[in-house]
Amino acid sequence: MPTVTMTVNGKKMSAECENRTLLVQFLREKQGLTGTHVGCDTTQCGACVVHIDGLPVKSCTTLAVQNEGAKIVTIEGLAKDGKLHPMQEMFREHHALQCGFCTPGMVMAAIGIVDRHKGEPTLAEKTVRHELEGNFCRCTGYHNIVKAIMAAFPLMKG
């Protein structure tokens, strides 16, 4: 079995895994980072979104071995020195969750949305709704999620 090494949340991590091991399995089962959820196993729901080398990716769509040497950030890696990431804080402030199952993937996808639009003066609600299409929340109508992302935009823009 190959050994896979990557930097996860700023720490170098290695583990043996089969070639068919998905990144989400590597993170949850080999590294104990259970904030990344498995929702559908078919890349439909977005509960497994992590950042790979700065880009949001559904971790059930990529193999762990494909990410040898990559820099991975999971929901557990966002808060710094006990302070929530601005997107996490806005999700909390705007009550952008109910059961919380989709929240880690939603937050990671939302950061990607803001990152892609940082150079723009504003972020349109229509854009946010369109770019969230790959993330399912079965509890909310997305209204507060969209509000949270819109509120985080100016905080993360600078």
# chains A, B, ... in the order shown; residues from 1 in each chain; ligands from 1
$ residues_around --residues "stretch 20-34 of chain A" --least-positions-apart "5" --cutoff "12 Å" --atoms "only C-alpha atoms" --output "number ranges by chain"
A: 1-9, 11-15, 39-43, 46-52, 57-68, 70, 72-77, 101, 104-105
$ residues_around --residues "A:Leu155" --least-positions-apart "2" --cutoff "12 Å" --atoms "only C-alpha atoms" --output "ChimeraX atom specification"
/A:85-90,111,114-115,118,122,148-153,157-158
$ closest_residue --among "A:Pro154, A:Gly100, A:Gly82, A:Gly141" --to "A:Pro121" --atoms "only C-alpha atoms"
A:Pro154
$ select_by_dssp --residues "stretch 45-117 of chain A" --states "alpha helix (DSSP H)" --output "ChimeraX atom specification"
/A:86-93,103-116
$ select_by_dssp --residues "chain A" --states "strand (DSSP E or B)" --output "mmCIF file with C-alpha atoms, in the first residue's frame"
data_model
loop_
_atom_site.group_PDB
_atom_site.id
_atom_site.type_symbol
_atom_site.label_atom_id
_atom_site.label_comp_id
_atom_site.auth_asym_id
_atom_site.auth_seq_id
_atom_site.Cartn_x
_atom_site.Cartn_y
_atom_site.Cartn_z
ATOM 1 C CA THR A 3 2.015 6.056 1.801
ATOM 2 C CA VAL A 4 0.413 9.393 1.051
ATOM 3 C CA THR A 5 1.788 12.609 2.520
ATOM 4 C CA MET A 6 0.076 15.982 2.397
ATOM 5 C CA THR A 7 -0.110 19.123 4.481
ATOM 6 C CA VAL A 8 -3.488 19.263 6.201
ATOM 7 C CA LYS A 11 0.547 20.067 9.494
ATOM 8 C CA LYS A 12 2.341 17.458 7.432
ATOM 9 C CA MET A 13 0.390 14.185 7.637
ATOM 10 C CA SER A 14 1.124 10.755 6.212
ATOM 11 C CA ALA A 15 -0.746 7.487 6.137
ATOM 12 C CA GLU A 16 -0.823 4.267 4.211
ATOM 13 C CA LEU A 22 -11.010 8.830 -1.461
ATOM 14 C CA VAL A 49 -15.915 20.286 0.318
ATOM 15 C CA VAL A 50 -12.341 21.039 1.410
ATOM 16 C CA HIS A 51 -9.731 23.338 -0.082
ATOM 17 C CA ILE A 52 -6.974 21.699 -2.104
ATOM 18 C CA LEU A 55 -9.450 25.785 -4.330
ATOM 19 C CA PRO A 56 -12.712 24.306 -3.030
ATOM 20 C CA VAL A 57 -13.069 20.686 -4.139
ATOM 21 C CA LYS A 58 -15.511 17.932 -3.259
ATOM 22 C CA LEU A 63 -8.356 10.070 -4.507
ATOM 23 C CA LYS A 71 -1.998 21.583 0.848
ATOM 24 C CA ILE A 72 -5.435 20.713 2.208
ATOM 25 C CA VAL A 73 -7.590 22.899 4.452
ATOM 26 C CA LYS A 80 -7.050 30.649 14.224
ATOM 27 C CA LYS A 83 -11.091 32.991 16.678
#
$ residues_around --residues "A:Ala96" --least-positions-apart "2" --cutoff "6 Å" --atoms "only C-alpha atoms" --output "count of residues only"
4
$ closest_residue --among "A:Phe136, A:Tyr142, A:Asn19, A:Glu120" --to "A:Cys102" --atoms "only C-alpha atoms"
A:Phe136
$ atom_distance --atom1 "atom CA of A:Arg138" --atom2 "atom CA of A:Glu125"
20.0 Å
$ atom_distance --atom1 "atom CA of A:Gln98" --atom2 "atom CA of A:Glu133"
18.4 Å
